[in-house]
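entry_7.cif (mmCIF, C-alpha atoms) appears below.
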```cif
data_input
#
loop_
_atom_site.label_atom_id
_atom_site.label_comp_id
_atom_site.auth_asym_id
_atom_site.auth_seq_id
_atom_site.Cartn_x
_atom_site.Cartn_y
_atom_site.Cartn_z
CA MET A 1 44.74 -30.55 79.71
CA LYS A 2 41.19 -31.51 80.28
CA ARG A 3 39.56 -33.91 77.92
CA ALA A 4 36.80 -31.39 76.80
CA THR A 5 39.34 -28.70 75.98
CA GLN A 6 41.50 -31.18 74.13
CA SER A 7 38.53 -32.37 72.06
CA ALA A 8 37.55 -28.79 71.20
CA LEU A 9 41.07 -28.01 70.01
CA ILE A 10 41.20 -31.16 67.87
CA LEU A 11 37.78 -30.34 66.31
CA THR A 12 38.85 -26.74 65.58
CA ALA A 13 42.12 -27.94 64.04
CA MET A 14 40.22 -30.40 61.82
CA ILE A 15 37.81 -27.72 60.59
CA LEU A 16 40.64 -25.28 59.82
CA ALA A 17 42.68 -28.00 58.10
CA SER A 18 39.68 -28.95 55.95
CA PHE A 19 39.04 -25.33 55.01
CA PHE A 20 42.66 -24.58 54.11
CA GLY A 21 43.09 -27.94 52.43
CA GLY A 22 40.17 -27.18 50.13
CA MET A 23 41.60 -23.76 49.27
CA VAL A 24 45.07 -25.14 48.56
CA GLY A 25 43.70 -28.04 46.50
CA SER A 26 41.58 -25.66 44.47
CA TRP A 27 44.56 -23.41 43.90
CA PHE A 28 46.88 -26.24 42.82
CA PHE A 29 44.47 -28.29 40.78
CA GLY A 30 42.29 -25.45 39.44
CA ALA A 31 38.71 -24.78 40.24
CA ASN A 32 36.18 -26.02 37.74
CA THR A 33 34.57 -22.69 36.83
CA ALA A 34 32.54 -21.91 33.72
CA SER A 35 31.25 -18.73 32.13
CA ALA A 36 28.62 -18.03 29.49
CA GLN A 37 31.41 -17.11 27.07
CA ASP A 38 33.24 -20.44 27.56
CA GLU A 39 30.33 -22.67 26.61
CA ALA A 40 26.70 -22.26 25.68
CA GLN A 41 24.36 -22.28 28.62
CA VAL A 42 20.61 -22.47 28.66
CA VAL A 43 18.93 -20.09 31.06
CA TYR A 44 15.21 -20.35 31.71
CA ALA A 45 13.31 -17.36 33.04
CA ASP A 46 9.69 -16.37 33.21
CA GLU A 47 10.57 -12.76 32.36
CA VAL A 48 13.58 -10.79 31.17
CA VAL A 49 13.47 -7.01 31.56
CA THR A 50 15.92 -4.91 29.57
CA GLN A 51 16.01 -1.71 27.54
CA ALA A 52 17.80 -3.29 24.58
CA LEU A 53 18.93 -6.65 23.28
CA ARG A 54 21.68 -6.98 20.65
CA ILE A 55 22.60 -10.24 18.94
CA VAL A 56 26.05 -10.53 17.34
CA ASP A 57 27.75 -13.15 15.18
CA ASP A 58 31.10 -14.83 15.90
CA GLU A 59 32.97 -11.79 14.51
CA GLY A 60 31.07 -9.34 16.72
CA ASN A 61 28.92 -7.90 13.90
CA THR A 62 25.45 -6.85 15.01
CA ARG A 63 22.88 -9.13 13.35
CA ALA A 64 19.72 -8.21 15.25
CA GLU A 65 18.65 -5.65 17.80
CA VAL A 66 15.49 -5.06 19.80
CA SER A 67 15.31 -1.66 21.42
CA MET A 68 13.57 1.68 21.81
CA THR A 69 14.96 4.96 20.46
CA ASP A 70 14.91 8.34 22.21
CA ASP A 71 11.78 9.39 20.28
CA GLY A 72 9.80 6.36 21.49
CA THR A 73 10.15 4.22 18.35
CA THR A 74 10.36 0.56 19.31
CA GLY A 75 11.35 -2.27 17.04
CA LEU A 76 13.36 -5.14 15.77
CA TRP A 77 16.24 -4.21 13.48
CA LEU A 78 17.77 -7.01 11.36
CA TYR A 79 21.25 -6.63 9.87
CA GLY A 80 23.29 -8.34 7.15
CA THR A 81 26.65 -10.05 7.58
CA GLU A 82 28.50 -6.71 7.66
CA SER A 83 26.06 -5.08 10.14
CA GLU A 84 24.20 -3.27 7.32
CA LEU A 85 20.52 -2.65 8.02
CA ARG A 86 18.26 -5.03 6.06
CA ALA A 87 14.83 -4.87 7.73
CA TYR A 88 12.95 -3.07 10.47
CA LEU A 89 9.73 -4.17 12.14
CA GLY A 90 8.37 -1.91 14.81
CA THR A 91 6.14 0.90 15.89
CA SER A 92 6.59 4.64 15.47
CA SER A 93 6.43 6.92 18.50
CA ASP A 94 2.62 7.15 18.16
CA GLY A 95 2.28 3.33 18.13
CA THR A 96 1.70 2.92 14.37
CA PRO A 97 3.18 -0.41 13.15
CA ASN A 98 5.63 -0.46 10.22
CA LEU A 99 7.77 -2.89 8.26
CA PHE A 100 10.67 -1.59 6.13
CA MET A 101 12.98 -3.61 3.89
CA TYR A 102 16.30 -2.05 2.83
CA ASP A 103 18.37 -2.23 -0.35
CA PRO A 104 21.08 -4.89 -0.11
CA GLY A 105 23.40 -2.54 -2.06
CA ASP A 106 25.68 0.07 -0.59
CA ASP A 107 23.15 2.90 -0.31
CA GLY A 108 20.88 1.10 2.17
CA SER A 109 17.75 2.88 0.97
CA VAL A 110 14.24 1.68 1.81
CA ARG A 111 12.93 -0.49 -1.05
CA ALA A 112 9.61 -1.66 0.41
CA ALA A 113 7.39 -0.47 3.23
CA LEU A 114 4.25 -1.89 4.73
CA GLY A 115 2.42 0.20 7.26
CA LEU A 116 -0.76 1.67 8.59
CA SER A 117 -1.84 5.28 8.38
CA GLY A 118 -2.82 7.12 11.53
CA TYR A 119 -6.37 5.97 10.77
CA GLY A 120 -5.41 2.29 10.51
CA GLU A 121 -5.47 2.13 6.71
CA PRO A 122 -2.87 -0.31 5.34
CA SER A 123 -0.50 0.54 2.49
CA LEU A 124 2.29 -1.25 0.66
CA ILE A 125 4.82 1.07 -0.99
CA LEU A 126 7.69 0.04 -3.32
CA PHE A 127 10.58 2.49 -3.81
CA ASP A 128 13.31 3.15 -6.37
CA SER A 129 16.82 2.41 -5.24
CA GLY A 130 19.22 5.26 -4.71
CA GLU A 131 19.30 8.38 -2.62
CA ASP A 132 16.03 9.91 -3.89
CA GLY A 133 14.11 6.69 -3.19
CA SER A 134 10.97 7.79 -5.03
CA SER A 135 7.89 5.68 -4.47
CA ARG A 136 7.07 3.80 -7.67
CA ALA A 137 4.12 1.61 -6.71
CA VAL A 138 1.53 2.08 -3.99
CA MET A 139 -1.34 -0.19 -2.97
CA SER A 140 -3.75 1.01 -0.30
CA LEU A 141 -7.01 0.12 1.41
CA PHE A 142 -9.18 2.87 2.87
CA ASP A 143 -11.68 2.98 5.73
CA ASP A 144 -14.53 3.87 3.37
CA GLY A 145 -14.16 0.46 1.68
CA SER A 146 -12.28 1.67 -1.38
CA ALA A 147 -8.94 0.30 -2.54
CA GLY A 148 -6.38 1.68 -4.95
CA PHE A 149 -3.20 0.89 -6.79
CA SER A 150 -0.90 3.30 -8.62
CA VAL A 151 2.36 3.00 -10.52
CA THR A 152 4.49 6.07 -11.21
CA ASP A 153 7.27 6.83 -13.63
CA SER A 154 10.78 7.66 -12.41
CA ALA A 155 9.81 11.36 -12.12
CA GLY A 156 6.95 10.53 -9.76
CA ASN A 157 4.10 11.05 -12.25
CA ALA A 158 1.19 8.65 -11.83
CA SER A 159 1.20 6.50 -14.98
CA VAL A 160 -1.28 3.77 -14.14
CA MET A 161 -4.00 4.03 -11.53
CA ALA A 162 -6.65 1.47 -10.68
CA SER A 163 -9.17 1.61 -7.89
CA VAL A 164 -12.37 0.12 -6.62
CA ASN A 165 -14.56 2.79 -5.05
CA ALA A 166 -16.56 2.30 -1.86
CA ASP A 167 -19.69 1.57 -3.91
CA GLY A 168 -17.87 -1.24 -5.75
CA SER A 169 -17.40 0.63 -9.03
CA PRO A 170 -13.95 0.24 -10.61
CA THR A 171 -11.88 2.94 -12.31
CA VAL A 172 -8.69 2.58 -14.35
CA SER A 173 -6.60 5.25 -16.02
CA ILE A 174 -3.33 5.40 -17.91
CA ASN A 175 -1.59 8.78 -18.01
CA ASP A 176 1.33 10.30 -19.87
CA ALA A 177 4.29 12.01 -18.18
CA GLN A 178 2.37 15.31 -18.09
CA GLY A 179 -0.59 13.75 -16.28
CA ASN A 180 -2.89 13.70 -19.33
CA THR A 181 -5.22 10.69 -19.46
CA LEU A 182 -4.37 8.49 -22.40
CA TRP A 183 -7.00 5.89 -21.59
CA GLY A 184 -9.55 5.50 -18.82
CA ALA A 185 -12.50 3.37 -17.84
CA PRO A 186 -15.19 4.25 -17.06
#
```
Produce structure tokens that represent the structure in this file.
Amino acid sequence: MKRATQSALILTAMILASFFGGMVGSWFFGANTASAQDEAQVVYADEVVTQALRIVDDEGNTRAEVSMTDDGTTGLWLYGTESELRAYLGTSSDGTPNLFMYDPGDDGSVRAALGLSGYGEPSLILFDSGEDGSSRAVMSLFDDGSAGFSVTDSAGNASVMASVNADGSPTVSINDAQGNTLWGAP
């Protein structure tokens, strides 16, 4: 055999032996592979694009979610240890921002809401617990410069109302269950 051909065969045999030796060694001694589930990994990215993100605890319970619903509502939903809804921060389908806090009891009703009207007027509303969830206290600011506060009884009748009108003049009234003014100023 010629020397060049012999050298080529030896080189080819060495390359093949190295390749197969690496495969066999990996198979016998185990490849050192890792996955995100095996150990925590830090991933850096300038941008992540997704339609939803769900965060779960060690038991698989949903604890937080960022997503958009079919009607265009987008938000951050926060859950308790048993995946029960506790808070929502997001925008409605028309872009109006809202914050809702939910009852920690079994009924999961809204207990407090902070939001803006379609005109950008902020309001804080506190609700009764239970299925009816009647609003019991409301505080609002209006575009005309006025502000108001009202407290209702369990039937929804305004019992105490206080406001500062756009001109700066205050008003206060206390009403009975039938809506009759018991006391007012001015």
message: Residue by residue, what does the PyMOL selection byres ((chain A and resi 179) around 12) grab here? Present the result as a ChimeraX atom specification.
response: /A:152-153,155-161,173-178,180-183
query: Got a sec: who's within 7 Å of stretch 94-107 of chain A, counting all atoms listed in the file, leaving out chain neighbours fewer than 6 positions off, as a list in words?
result: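 Skipping anything fewer than 6 positions along the chain leaves Leu85, Arg86, Ala87, Tyr88, Ala113, Leu114, Gly115, Leu116, Gly118, Ser129 and Gly130 of chain A.
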Keeping C-alpha atoms for every residue in the selection just given, could you write it to a file as a CSV table (one decimal), in the frame of the given file?
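What landed in again.csv:
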```csv
chain,number,residue,atom,x,y,z
A,85,LEU,CA,20.5,-2.6,8.0
A,86,ARG,CA,18.3,-5.0,6.1
A,87,ALA,CA,14.8,-4.9,7.7
A,88,TYR,CA,13.0,-3.1,10.5
A,113,ALA,CA,7.4,-0.5,3.2
A,114,LEU,CA,4.2,-1.9,4.7
A,115,GLY,CA,2.4,0.2,7.3
A,116,LEU,CA,-0.8,1.7,8.6
A,118,GLY,CA,-2.8,7.1,11.5
A,129,SER,CA,16.8,2.4,-5.2
A,130,GLY,CA,19.2,5.3,-4.7
```
- request: Could you check how far atom CA of A:Ser109 sits from atom CA of A:Gly148, in Å to one decimal?
  value: 24.9 Å
- request: Might you spell out which residues the PyMOL selection byres ((chain A and resi 145) around 8) would select in the displayed file, as a PyMOL selection string?
  value: chain A and resi 141-144+146-147+165-167
task: One decimal, Å: what's the distance from atom CA of A:Val172 over to atom CA of A:Gly184, could you say?
output: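 Pair atom CA of A:Val172 / atom CA of A:Gly184 returns 5.4 Å.
For the atom pair formed by atom CA of A:Arg111 and atom CA of A:Ile55, the distance is 24.3 Å, given to one decimal.
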- request: Pull out every residue that the PyMOL selection byres ((chain A and resi 72) around 8) matches in the shown coordinates and put them as a list in words.
  value: Met68, Thr69, Asp70, Asp71, Thr73, Thr74, Ser92, Ser93 and Asp94 of chain A
- request: Fewer than 3 positions away in the same chain doesn't count, so skip those; otherwise give me all residues within 12 Å of A:Asn61, counting only C-alpha atoms, as a ChimeraX atom specification.
  value: /A:54-58,64-65,78-85
